[in-house]
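Everything below belongs to structure-v6.txt, which stores compact mmCIF, C-alpha atoms.
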# COMPACT_ATOMS: atom_id res chain seq x y z
CA MET A 93 -2.29 62.32 -18.19
CA LYS A 94 0.18 60.32 -16.15
CA THR A 95 3.73 60.62 -17.49
CA LEU A 96 6.07 57.68 -16.99
CA SER A 97 9.25 58.72 -15.22
CA SER A 98 12.51 57.05 -14.33
CA PRO A 99 12.85 55.91 -10.73
CA SER A 100 15.29 58.09 -8.88
CA ASN A 101 16.33 55.41 -6.42
CA SER A 102 17.02 51.98 -7.87
CA SER A 103 18.92 50.44 -4.97
CA THR A 104 16.20 47.83 -4.36
CA ILE A 105 16.00 46.78 -8.01
CA THR A 106 17.27 43.27 -8.70
CA GLY A 107 17.71 43.78 -12.42
CA PHE A 108 17.73 46.53 -15.03
CA ILE A 109 15.14 49.09 -16.05
CA LEU A 110 14.43 49.18 -19.79
CA LEU A 111 13.14 52.68 -20.47
CA GLY A 112 11.91 51.77 -23.95
CA PHE A 113 9.91 54.68 -25.38
CA PRO A 114 8.98 56.98 -22.47
CA CYS A 115 5.64 58.72 -22.98
CA PRO A 116 2.28 59.18 -21.20
CA ARG A 117 0.22 56.11 -20.31
CA GLU A 118 -2.09 56.65 -23.26
CA GLY A 119 0.91 56.67 -25.57
CA GLN A 120 2.20 53.43 -24.06
CA ILE A 121 -1.14 51.75 -24.76
CA LEU A 122 -1.09 53.04 -28.34
CA LEU A 123 2.45 51.70 -28.79
CA PHE A 124 1.36 48.35 -27.34
CA VAL A 125 -1.52 48.04 -29.83
CA THR A 126 0.69 49.14 -32.74
CA PHE A 127 3.54 46.72 -32.01
CA PHE A 128 1.16 43.90 -31.17
CA ILE A 129 -0.41 44.24 -34.64
CA VAL A 130 3.05 44.47 -36.23
CA TYR A 131 4.16 41.34 -34.35
CA ILE A 132 1.12 39.37 -35.52
CA LEU A 133 1.73 40.53 -39.12
CA ILE A 134 5.37 39.40 -38.90
CA LEU A 135 4.36 35.99 -37.61
CA MET A 136 1.65 35.58 -40.27
CA GLY A 137 3.84 36.83 -43.13
CA ASN A 138 6.81 34.61 -42.39
CA ALA A 139 4.63 31.61 -41.48
CA SER A 140 2.82 31.98 -44.82
CA ILE A 141 6.15 31.69 -46.67
CA ILE A 142 7.01 28.54 -44.71
CA CYS A 143 3.58 27.05 -45.49
CA ALA A 144 3.85 27.98 -49.18
CA VAL A 145 7.24 26.27 -49.52
CA TYR A 146 6.05 23.22 -47.61
CA CYS A 147 2.75 22.81 -49.52
CA ASP A 148 3.79 23.67 -53.09
CA GLN A 149 5.90 20.98 -54.78
CA SER A 150 7.23 23.48 -57.32
CA LEU A 151 8.95 25.35 -54.47
CA HIS A 152 10.87 22.30 -53.23
CA THR A 153 14.16 23.72 -54.47
CA PRO A 154 17.30 24.87 -52.62
CA MET A 155 16.44 28.56 -53.01
CA TYR A 156 13.01 28.21 -51.42
CA PHE A 157 14.27 25.75 -48.83
CA LEU A 158 16.73 28.42 -47.68
CA LEU A 159 14.00 31.07 -47.83
CA ALA A 160 11.68 28.97 -45.62
CA ASN A 161 14.47 28.51 -43.08
CA PHE A 162 15.20 32.23 -43.23
CA SER A 163 11.53 32.99 -42.49
CA PHE A 164 11.63 30.55 -39.57
CA LEU A 165 14.68 32.43 -38.27
CA GLU A 166 12.90 35.78 -38.64
CA ILE A 167 10.02 34.55 -36.46
CA TRP A 168 12.38 33.69 -33.63
CA TYR A 169 14.50 36.81 -34.18
CA VAL A 170 11.56 39.14 -33.61
CA THR A 171 10.22 36.96 -30.78
CA SER A 172 13.46 37.50 -28.84
CA THR A 173 12.55 41.17 -28.30
CA VAL A 174 8.95 42.11 -29.14
CA PRO A 175 7.04 40.12 -26.45
CA ASN A 176 9.18 41.70 -23.73
CA MET A 177 8.73 45.09 -25.37
CA LEU A 178 4.95 44.60 -25.33
CA ALA A 179 5.03 43.65 -21.64
CA ASN A 180 7.11 46.76 -20.91
CA PHE A 181 4.53 49.04 -22.53
CA LEU A 182 1.98 47.90 -19.91
CA SER A 183 4.43 47.81 -17.00
CA ASP A 184 4.92 50.62 -14.51
CA THR A 185 8.34 49.46 -13.32
CA LYS A 186 9.78 48.26 -16.67
CA VAL A 187 12.18 46.01 -14.77
CA ILE A 188 13.91 43.07 -16.45
CA SER A 189 15.87 40.60 -14.32
CA PHE A 190 19.62 40.15 -14.76
CA SER A 191 19.12 36.63 -16.13
CA GLY A 192 16.29 37.79 -18.40
CA CYS A 193 18.40 40.66 -19.71
CA PHE A 194 21.39 38.50 -20.58
CA LEU A 195 19.22 35.74 -22.05
CA GLN A 196 17.61 38.33 -24.32
CA PHE A 197 21.07 39.72 -25.10
CA TYR A 198 22.31 36.26 -26.09
CA PHE A 199 19.33 35.16 -28.18
CA PHE A 200 18.86 38.51 -29.94
CA PHE A 201 22.49 38.66 -31.07
CA SER A 202 22.64 34.92 -31.84
CA PHE A 203 19.59 35.13 -34.10
CA GLY A 204 21.03 38.28 -35.67
CA SER A 205 24.39 36.65 -36.39
CA THR A 206 22.60 33.59 -37.80
CA GLU A 207 20.79 35.96 -40.15
CA CYS A 208 24.12 37.34 -41.38
CA PHE A 209 25.28 33.82 -42.26
CA PHE A 210 21.95 32.92 -43.86
CA LEU A 211 22.09 35.97 -46.15
CA ALA A 212 25.60 34.91 -47.24
CA VAL A 213 24.46 31.33 -47.92
CA MET A 214 21.47 32.59 -49.93
CA ALA A 215 23.82 34.75 -52.01
CA PHE A 216 26.04 31.71 -52.60
CA ASP A 217 22.99 29.76 -53.80
CA ARG A 218 22.12 32.51 -56.31
CA TYR A 219 25.74 32.57 -57.50
CA LEU A 220 25.68 28.84 -58.25
CA ALA A 221 22.26 29.03 -59.92
CA ILE A 222 23.25 31.86 -62.28
CA CYS A 223 26.99 31.40 -62.78
CA ARG A 224 27.02 27.57 -62.77
CA PRO A 225 23.55 26.68 -64.09
CA LEU A 226 24.54 23.34 -65.65
CA HIS A 227 26.29 22.12 -62.51
CA TYR A 228 23.80 23.68 -60.06
CA PRO A 229 21.63 20.55 -59.47
CA SER A 230 24.67 18.41 -58.74
CA LEU A 231 26.37 21.09 -56.59
CA MET A 232 23.48 22.44 -54.51
CA THR A 233 22.09 19.12 -53.34
CA GLY A 234 19.68 18.58 -50.46
CA HIS A 235 22.55 17.26 -48.37
CA LEU A 236 24.62 20.41 -48.94
CA CYS A 237 21.59 22.60 -48.17
CA ASN A 238 21.12 20.85 -44.85
CA ILE A 239 24.81 21.26 -44.00
CA LEU A 240 24.71 24.97 -44.86
CA VAL A 241 21.56 25.59 -42.81
CA ILE A 242 22.90 23.73 -39.77
CA SER A 243 26.23 25.56 -40.10
CA CYS A 244 24.45 28.93 -40.05
CA TRP A 245 22.61 28.07 -36.83
CA VAL A 246 25.67 26.60 -35.12
CA LEU A 247 27.97 29.49 -36.07
CA GLY A 248 25.32 32.03 -35.10
CA PHE A 249 24.84 30.58 -31.64
CA LEU A 250 28.56 30.08 -31.01
CA TRP A 251 29.59 33.61 -32.00
CA PHE A 252 28.61 35.51 -28.83
CA PRO A 253 28.63 33.26 -25.70
CA VAL A 254 32.15 34.24 -24.58
CA PRO A 255 31.72 38.05 -24.62
CA ILE A 256 28.21 37.82 -23.16
CA ILE A 257 29.41 35.62 -20.30
CA ILE A 258 32.27 38.06 -19.62
CA ILE A 259 29.90 41.05 -19.60
CA SER A 260 27.44 39.20 -17.33
CA GLN A 261 30.21 38.73 -14.74
CA MET A 262 30.90 42.49 -14.53
CA SER A 263 29.65 44.64 -11.65
CA PHE A 264 27.00 47.25 -12.46
CA CYS A 265 26.54 50.47 -10.47
CA GLY A 266 24.22 53.45 -10.42
CA SER A 267 20.59 53.52 -11.45
CA ARG A 268 20.78 50.42 -13.68
CA ILE A 269 18.59 52.29 -16.15
CA ILE A 270 19.04 51.20 -19.79
CA ASP A 271 17.79 53.86 -22.20
CA HIS A 272 16.74 51.26 -24.76
CA PHE A 273 13.95 48.75 -25.40
CA LEU A 274 16.32 45.76 -25.24
CA CYS A 275 19.52 44.71 -23.50
CA ASP A 276 22.24 46.06 -25.79
CA PRO A 277 25.99 45.93 -25.08
CA GLY A 278 26.52 49.69 -25.38
CA PRO A 279 24.15 50.74 -22.55
CA LEU A 280 25.17 47.69 -20.48
CA LEU A 281 28.89 48.52 -20.65
CA ALA A 282 28.07 52.13 -19.78
CA LEU A 283 26.52 50.90 -16.50
CA ALA A 284 29.63 48.93 -15.48
CA CYS A 285 31.25 50.10 -12.24
CA SER A 286 34.59 50.42 -14.02
CA ARG A 287 35.46 50.82 -17.67
CA ALA A 288 36.42 47.70 -19.59
CA PRO A 289 38.41 48.95 -22.61
CA LEU A 290 39.60 45.45 -23.54
CA MET A 291 36.01 44.18 -23.57
CA GLU A 292 34.94 47.13 -25.71
CA VAL A 293 37.73 46.44 -28.21
CA PHE A 294 36.95 42.72 -28.24
CA TRP A 295 33.26 43.43 -28.85
CA THR A 296 34.09 45.82 -31.70
CA ILE A 297 36.35 43.20 -33.31
CA ILE A 298 33.83 40.34 -33.21
CA MET A 299 31.00 42.60 -34.41
CA SER A 300 33.15 43.90 -37.26
CA MET A 301 34.11 40.37 -38.30
CA LEU A 302 30.50 39.21 -38.11
CA LEU A 303 29.22 42.03 -40.30
CA VAL A 304 32.09 42.75 -42.68
CA ILE A 305 33.10 39.20 -43.68
CA PRO A 306 29.61 37.99 -44.75
CA PHE A 307 28.89 41.38 -46.34
CA LEU A 308 32.07 41.28 -48.44
CA PHE A 309 31.27 37.68 -49.42
CA ILE A 310 27.76 38.71 -50.52
CA MET A 311 29.07 41.68 -52.50
CA GLY A 312 31.72 39.48 -54.13
CA THR A 313 29.17 36.86 -55.20
CA TYR A 314 26.86 39.50 -56.64
CA ILE A 315 29.68 41.11 -58.62
CA LEU A 316 30.24 37.71 -60.23
CA VAL A 317 26.47 37.28 -60.68
CA LEU A 318 26.12 40.67 -62.39
CA ARG A 319 29.03 39.90 -64.69
CA ALA A 320 27.38 36.61 -65.66
CA VAL A 321 23.96 38.25 -66.12
CA PHE A 322 25.27 40.92 -68.48
CA ARG A 323 26.81 38.16 -70.59
CA LEU A 324 23.45 36.47 -71.13
CA PRO A 325 22.38 36.81 -74.78
CA SER A 326 18.63 37.26 -74.18
CA ARG A 327 16.98 40.15 -72.36
CA ASP A 328 14.39 37.75 -70.96
CA GLY A 329 17.17 35.75 -69.32
CA GLN A 330 18.65 38.92 -67.86
CA LYS A 331 15.25 40.04 -66.57
CA LYS A 332 14.60 36.66 -64.91
CA ALA A 333 18.03 36.66 -63.27
CA PHE A 334 17.55 40.20 -61.95
CA SER A 335 14.10 39.37 -60.57
CA THR A 336 15.52 36.29 -58.85
CA CYS A 337 18.31 38.23 -57.14
CA GLY A 338 16.45 41.52 -56.64
CA SER A 339 14.51 40.39 -53.56
CA HIS A 340 17.59 39.07 -51.82
CA LEU A 341 19.63 42.18 -52.60
CA THR A 342 16.84 44.38 -51.23
CA VAL A 343 16.74 42.41 -47.97
CA VAL A 344 20.55 42.49 -47.69
CA SER A 345 20.58 46.27 -48.24
CA LEU A 346 17.88 46.94 -45.63
CA PHE A 347 19.46 44.71 -43.00
CA TYR A 348 23.13 45.58 -43.44
CA CYS A 349 22.68 49.33 -43.88
CA SER A 350 20.82 49.58 -40.57
CA VAL A 351 23.02 47.14 -38.61
CA MET A 352 26.26 48.72 -39.85
CA LYS A 353 24.88 52.16 -39.00
CA MET A 354 24.24 50.88 -35.48
CA TYR A 355 27.44 48.94 -34.71
CA LEU A 356 30.17 50.08 -37.12
CA SER A 357 29.61 53.84 -37.30
CA PRO A 358 30.79 56.20 -34.53
CA THR A 359 28.03 57.00 -32.03
CA SER A 360 27.78 59.43 -29.15
CA GLU A 361 25.99 59.19 -25.85
CA HIS A 362 23.42 61.73 -27.08
CA GLU A 363 22.11 59.43 -29.81
CA ALA A 364 19.94 57.12 -27.69
CA GLY A 365 16.81 58.02 -29.64
CA MET A 366 18.46 57.35 -32.99
CA GLN A 367 19.90 54.06 -31.73
CA LYS A 368 16.41 52.93 -30.72
CA LEU A 369 14.99 53.79 -34.13
CA VAL A 370 17.78 52.06 -36.05
CA THR A 371 17.54 48.96 -33.82
CA LEU A 372 13.77 48.99 -34.25
CA PHE A 373 14.18 49.08 -38.02
CA TYR A 374 16.48 46.06 -38.37
CA SER A 375 14.92 44.01 -35.54
CA VAL A 376 11.24 44.63 -36.34
CA GLY A 377 11.02 46.52 -39.64
CA THR A 378 13.02 44.11 -41.79
CA PRO A 379 11.23 40.96 -40.54
CA LEU A 380 7.97 42.75 -41.38
CA LEU A 381 9.11 43.78 -44.87
CA ASN A 382 10.88 40.56 -45.87
CA PRO A 383 7.74 38.48 -46.63
CA VAL A 384 6.35 41.38 -48.65
CA ILE A 385 9.58 41.77 -50.62
CA TYR A 386 9.91 38.06 -51.38
CA SER A 387 6.27 37.58 -52.32
CA LEU A 388 5.76 40.71 -54.42
CA ARG A 389 8.95 40.32 -56.45
CA ASN A 390 8.66 36.56 -56.95
CA LYS A 391 6.00 35.14 -59.27
CA ASP A 392 6.37 31.54 -58.03
CA MET A 393 5.98 32.57 -54.39
CA LYS A 394 3.04 34.81 -55.25
CA ASN A 395 1.27 31.95 -57.05
CA ALA A 396 1.92 29.55 -54.16
CA LEU A 397 0.51 32.02 -51.64
CA GLN A 398 -2.58 32.54 -53.80
CA LYS A 399 -3.13 28.77 -53.90
CA ILE A 400 -3.00 28.62 -50.12
CA LEU A 401 -5.51 31.46 -49.80
CA ARG A 402 -7.90 29.75 -52.21
CA THR A 403 -7.86 26.44 -50.28
What do you get writing this file as structure tokens?
Amino acid sequence: MKTLSSPSNSSTITGFILLGFPCPREGQILLFVTFFIVYILILMGNASIICAVYCDQSLHTPMYFLLANFSFLEIWYVTSTVPNMLANFLSDTKVISFSGCFLQFYFFFSFGSTECFFLAVMAFDRYLAICRPLHYPSLMTGHLCNILVISCWVLGFLWFPVPIIIISQMSFCGSRIIDHFLCDPGPLLALACSRAPLMEVFWTIIMSMLLVIPFLFIMGTYILVLRAVFRLPSRDGQKKAFSTCGSHLTVVSLFYCSVMKMYLSPTSEHEAGMQKLVTLFYSVGTPLLNPVIYSLRNKDMKNALQKILRT
């Protein structure tokens, strides 16, 4: 068996080396097949939700409109990393160009920040539906939905350009080996010729704001939702409200727990393996699980998907 090893001399390399998951060639092929299947399942699962919302008139509501846009986002989110990861599994050099690395850096974090805003908007929609049911149709109009969706995309893609441009202008020394399967700020800053404490602090601040503010907003809306649900006189009404919010809360928990573990908890340089697993979970695992969560816990979505399968 041929074991993949890190090049000892990288002076001729015109980019970075993404180590990914070092293992023998046979293991790399097995990983390629596994992640290729997972990628196809993610595309099919999220595309099926988009098709169900588009084809079923009963799902033409703000909640499902936001869900379809969220699934569209998930497709692009996973596409920002997995295709390059698949190519790396079959590559002997595992080299990614400087421009390719920073483009991946930008799109991966932009899609991720857009997801944070989308989860907050979806929580706001559930708050209006449960806490303001009589005013909901007049408040959550199609026009407002469009504004909220566009705002999520614009904010997401405007959150990271400045720090990424600054990092891209830094000088990188040494082997240029990134012990990760994607271009992440931690390993990149570690390769800089000189430490950039101000950049590290700035990155921590914008990441904390991005994660903490939407998370607190989501938790605040669900506290109000729970208070309203417990005031409902009928158990059937409470059950329906819990089933409506349960899927979204599950997705929020999976995404935020893993992302906060990665970027807000203290890490050491010896935790490269754990960082890969946590990143893999929120960048690949959650997009894979989301369609399952939303379809299994939602009767309307399940019925719409069954209609599509029967046609």
Would you write out, as a tab-separated table, a table of all residues in region 157-264 of chain A that have an atom no more than 12 Å from an atom of region 310-332 of chain A, listing for each the closest atom pair and the distance in Å to one decimal, considering all atoms listed in the file and ordering rows by chain and rising residue number?
residue	atom	partner	partner_atom	distance
A:Cys208	CA	A:Ile310	CA	9.9
A:Phe209	CA	A:Ile310	CA	9.9
A:Phe210	CA	A:Ile310	CA	10.6
A:Leu211	CA	A:Ile310	CA	7.7
A:Ala212	CA	A:Ile310	CA	5.5
A:Val213	CA	A:Ile310	CA	8.5
A:Met214	CA	A:Ile310	CA	8.8
A:Ala215	CA	A:Ile310	CA	5.8
A:Phe216	CA	A:Thr313	CA	6.6
A:Asp217	CA	A:Thr313	CA	9.5
A:Arg218	CA	A:Val317	CA	7.8
A:Tyr219	CA	A:Val317	CA	5.7
A:Leu220	CA	A:Val317	CA	8.8
A:Ala221	CA	A:Val317	CA	9.3
A:Ile222	CA	A:Val317	CA	6.5
A:Cys223	CA	A:Ala320	CA	6.0
A:Arg224	CA	A:Ala320	CA	9.5
A:Pro225	CA	A:Ala320	CA	10.8
Each side padded by 5 Å, which centre and which edge lengths in Å (one decimal) define the axis-aligned box around the listed atoms of region 296-304 of chain A? Give them as JSON.
{"center_x": 32.8, "center_y": 42.5, "center_z": -37.2, "size_x": 17.1, "size_y": 16.6, "size_z": 21.0}
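Atom to atom, CA of Asp271 (chain A) and CA of Phe373 (chain A) stand 16.9 Å apart.
Comparing the minimum interatomic distances between Tyr156 (chain A) and each of A:Pro114, A:Gly234, A:Gly248, A:Gly107, counting only C-alpha atoms, we find that A:Gly234 sits nearest.
Minimum distance to Met299 (chain A) across A:Met352, A:Ile188, A:Ala160, A:Ala144 (counting all atoms listed in the file) occurs at A:Met352.
Distance check against His340 (chain A) using only C-alpha atoms: of A:Ile270, A:Leu236, A:Ile242, A:Val384, the minimum falls on A:Val384.
Note that the spacing between CA of Met366 (chain A) and CA of Asp276 (chain A) amounts to 13.9 Å.
Considering all atoms listed in the file, the residue among A:Ser260, A:Ser230, A:Thr296, A:Gln398 positioned nearest to Met354 (chain A) is A:Thr296.
The space between CA of Phe197 (chain A) and CA of Ile121 (chain A) spans 25.3 Å.
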Counting only C-alpha atoms, which residues in region 115-179 of chain A sit no more than 9 Å from region 198-205 of chain A? For each one, give the nearest pair of atoms and the distance in Å, sorted by chain then residue number, as JSON lines.
{"residue": "A:Leu165", "atom": "CA", "partner": "A:Phe203", "partner_atom": "CA", "distance": 7.0}
{"residue": "A:Glu166", "atom": "CA", "partner": "A:Phe203", "partner_atom": "CA", "distance": 8.1}
{"residue": "A:Trp168", "atom": "CA", "partner": "A:Phe203", "partner_atom": "CA", "distance": 7.4}
{"residue": "A:Tyr169", "atom": "CA", "partner": "A:Phe203", "partner_atom": "CA", "distance": 5.4}
{"residue": "A:Val170", "atom": "CA", "partner": "A:Phe200", "partner_atom": "CA", "distance": 8.2}
{"residue": "A:Thr171", "atom": "CA", "partner": "A:Phe200", "partner_atom": "CA", "distance": 8.8}
{"residue": "A:Ser172", "atom": "CA", "partner": "A:Phe200", "partner_atom": "CA", "distance": 5.6}
{"residue": "A:Thr173", "atom": "CA", "partner": "A:Phe200", "partner_atom": "CA", "distance": 7.0}
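Every protein, DNA or RNA residue with an atom at most 10 Å from region 176-179 of chain A, where all atoms listed in the file count and chain neighbours fewer than 3 positions away do not, is listed here: Leu110, Gly112, Phe113, Gln120, Ile121, Leu123, Phe124, Val125, Thr126, Phe127, Phe128, Tyr131, Thr171, Ser172, Thr173, Leu182, Ser183, Asp184, Lys186, Ile188, Gly192, Gln196, Phe273 and Leu274 of chain A.
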Checklist entry - Which residues, written as a ChimeraX atom specification, have at least one atom at most 8 Å from Pro255 (chain A), with all atoms listed in the file counted and residues fewer than 5 positions away on the same chain left out? => result /A:291,294-295
Checklist entry - Do you know which residues are at most 12 Å from Gln261 (chain A) counting all atoms listed in the file, after dropping those on the same chain fewer than 3 positions away, and could you put them as JSON, numbers by chain? => result {"A": [190, 191, 194, 254, 255, 256, 257, 258, 264, 280, 281, 284, 285, 288, 291]}
Item to check | Top pick for closest residue to Leu133 (chain A), considering A:Cys337, A:Met262, A:Ile305, A:Leu380 and counting all atoms listed in the file | outcome: A:Leu380
Checklist entry - Which neighbours of His152 (chain A) fall inside 12 Å, counting all atoms listed in the file, when residues of the same chain fewer than 6 positions from it are skipped, and could you give them as a list of chain:residue names? => result A:Ile142, A:Cys143, A:Ala144, A:Val145, A:Tyr146, A:Leu158, A:Leu159, A:Ala160, A:Thr233, A:Gly234, A:Cys237, A:Asp392, A:Met393, A:Ala396
Taking N, CA and C atoms as the atom set, what does region 104-135 of chain A look like once completed, written as an mmCIF file, in the frame of the given file?
data_model
loop_
_atom_site.group_PDB
_atom_site.id
_atom_site.type_symbol
_atom_site.label_atom_id
_atom_site.label_comp_id
_atom_site.auth_asym_id
_atom_site.auth_seq_id
_atom_site.Cartn_x
_atom_site.Cartn_y
_atom_site.Cartn_z
ATOM 1 N N THR A 104 16.914 49.073 -4.683
ATOM 2 C CA THR A 104 16.200 47.830 -4.360
ATOM 3 C C THR A 104 15.904 47.000 -5.604
ATOM 4 N N ILE A 105 16.295 47.479 -6.772
ATOM 5 C CA ILE A 105 16.000 46.780 -8.010
ATOM 6 C C ILE A 105 16.962 45.624 -8.204
ATOM 7 N N THR A 106 16.433 44.465 -8.536
ATOM 8 C CA THR A 106 17.270 43.270 -8.700
ATOM 9 C C THR A 106 17.529 42.969 -10.173
ATOM 10 N N GLY A 107 17.470 43.963 -11.004
ATOM 11 C CA GLY A 107 17.710 43.780 -12.420
ATOM 12 C C GLY A 107 17.993 45.120 -13.069
ATOM 13 N N PHE A 108 17.572 45.279 -14.306
ATOM 14 C CA PHE A 108 17.730 46.530 -15.030
ATOM 15 C C PHE A 108 16.362 47.123 -15.350
ATOM 16 N N ILE A 109 16.356 48.416 -15.630
ATOM 17 C CA ILE A 109 15.140 49.090 -16.050
ATOM 18 C C ILE A 109 15.286 49.440 -17.523
ATOM 19 N N LEU A 110 14.431 48.868 -18.363
ATOM 20 C CA LEU A 110 14.430 49.180 -19.790
ATOM 21 C C LEU A 110 13.467 50.336 -20.031
ATOM 22 N N LEU A 111 13.998 51.514 -20.293
ATOM 23 C CA LEU A 111 13.140 52.680 -20.470
ATOM 24 C C LEU A 111 12.222 52.546 -21.688
ATOM 25 N N GLY A 112 12.725 51.919 -22.744
ATOM 26 C CA GLY A 112 11.910 51.770 -23.950
ATOM 27 C C GLY A 112 11.632 53.107 -24.597
ATOM 28 N N PHE A 113 10.331 53.425 -24.763
ATOM 29 C CA PHE A 113 9.910 54.680 -25.380
ATOM 30 C C PHE A 113 9.072 55.455 -24.373
ATOM 31 N N PRO A 114 9.720 56.268 -23.522
ATOM 32 C CA PRO A 114 8.980 56.980 -22.470
ATOM 33 C C PRO A 114 7.948 57.941 -23.047
ATOM 34 N N CYS A 115 6.725 57.843 -22.563
ATOM 35 C CA CYS A 115 5.640 58.720 -22.980
ATOM 36 C C CYS A 115 4.477 58.526 -22.007
ATOM 37 N N PRO A 116 3.433 59.355 -22.085
ATOM 38 C CA PRO A 116 2.280 59.180 -21.200
ATOM 39 C C PRO A 116 1.644 57.799 -21.337
ATOM 40 N N ARG A 117 0.837 57.432 -20.340
ATOM 41 C CA ARG A 117 0.220 56.110 -20.310
ATOM 42 C C ARG A 117 -0.588 55.827 -21.566
ATOM 43 N N GLU A 118 -1.292 56.839 -22.048
ATOM 44 C CA GLU A 118 -2.090 56.650 -23.260
ATOM 45 C C GLU A 118 -1.201 56.310 -24.455
ATOM 46 N N GLY A 119 -0.029 56.957 -24.496
ATOM 47 C CA GLY A 119 0.910 56.670 -25.570
ATOM 48 C C GLY A 119 1.468 55.267 -25.476
ATOM 49 N N GLN A 120 1.708 54.792 -24.252
ATOM 50 C CA GLN A 120 2.200 53.430 -24.060
ATOM 51 C C GLN A 120 1.183 52.401 -24.562
ATOM 52 N N ILE A 121 -0.095 52.663 -24.287
ATOM 53 C CA ILE A 121 -1.140 51.750 -24.760
ATOM 54 C C ILE A 121 -1.215 51.756 -26.276
ATOM 55 N N LEU A 122 -1.084 52.940 -26.874
ATOM 56 C CA LEU A 122 -1.090 53.040 -28.340
ATOM 57 C C LEU A 122 0.088 52.292 -28.935
ATOM 58 N N LEU A 123 1.264 52.426 -28.318
ATOM 59 C CA LEU A 123 2.450 51.700 -28.790
ATOM 60 C C LEU A 123 2.245 50.187 -28.649
ATOM 61 N N PHE A 124 1.624 49.771 -27.539
ATOM 62 C CA PHE A 124 1.360 48.350 -27.340
ATOM 63 C C PHE A 124 0.476 47.803 -28.466
ATOM 64 N N VAL A 125 -0.601 48.491 -28.769
ATOM 65 C CA VAL A 125 -1.520 48.040 -29.830
ATOM 66 C C VAL A 125 -0.802 48.002 -31.172
ATOM 67 N N THR A 126 -0.021 49.059 -31.464
ATOM 68 C CA THR A 126 0.690 49.140 -32.740
ATOM 69 C C THR A 126 1.673 47.982 -32.914
ATOM 70 N N PHE A 127 2.515 47.763 -31.899
ATOM 71 C CA PHE A 127 3.540 46.720 -32.010
ATOM 72 C C PHE A 127 2.943 45.318 -31.898
ATOM 73 N N PHE A 128 1.819 45.194 -31.214
ATOM 74 C CA PHE A 128 1.160 43.900 -31.170
ATOM 75 C C PHE A 128 0.658 43.524 -32.570
ATOM 76 N N ILE A 129 0.059 44.483 -33.264
ATOM 77 C CA ILE A 129 -0.410 44.240 -34.640
ATOM 78 C C ILE A 129 0.769 43.928 -35.553
ATOM 79 N N VAL A 130 1.855 44.705 -35.412
ATOM 80 C CA VAL A 130 3.050 44.470 -36.230
ATOM 81 C C VAL A 130 3.608 43.074 -35.966
ATOM 82 N N TYR A 131 3.646 42.669 -34.715
ATOM 83 C CA TYR A 131 4.160 41.340 -34.350
ATOM 84 C C TYR A 131 3.329 40.233 -34.980
ATOM 85 N N ILE A 132 2.011 40.368 -34.914
ATOM 86 C CA ILE A 132 1.120 39.370 -35.520
ATOM 87 C C ILE A 132 1.335 39.322 -37.038
ATOM 88 N N LEU A 133 1.499 40.490 -37.668
ATOM 89 C CA LEU A 133 1.730 40.530 -39.120
ATOM 90 C C LEU A 133 3.047 39.851 -39.481
ATOM 91 N N ILE A 134 4.075 40.053 -38.656
ATOM 92 C CA ILE A 134 5.370 39.400 -38.900
ATOM 93 C C ILE A 134 5.224 37.890 -38.812
ATOM 94 N N LEU A 135 4.555 37.424 -37.769
ATOM 95 C CA LEU A 135 4.360 35.990 -37.610
ATOM 96 C C LEU A 135 3.573 35.406 -38.781
#
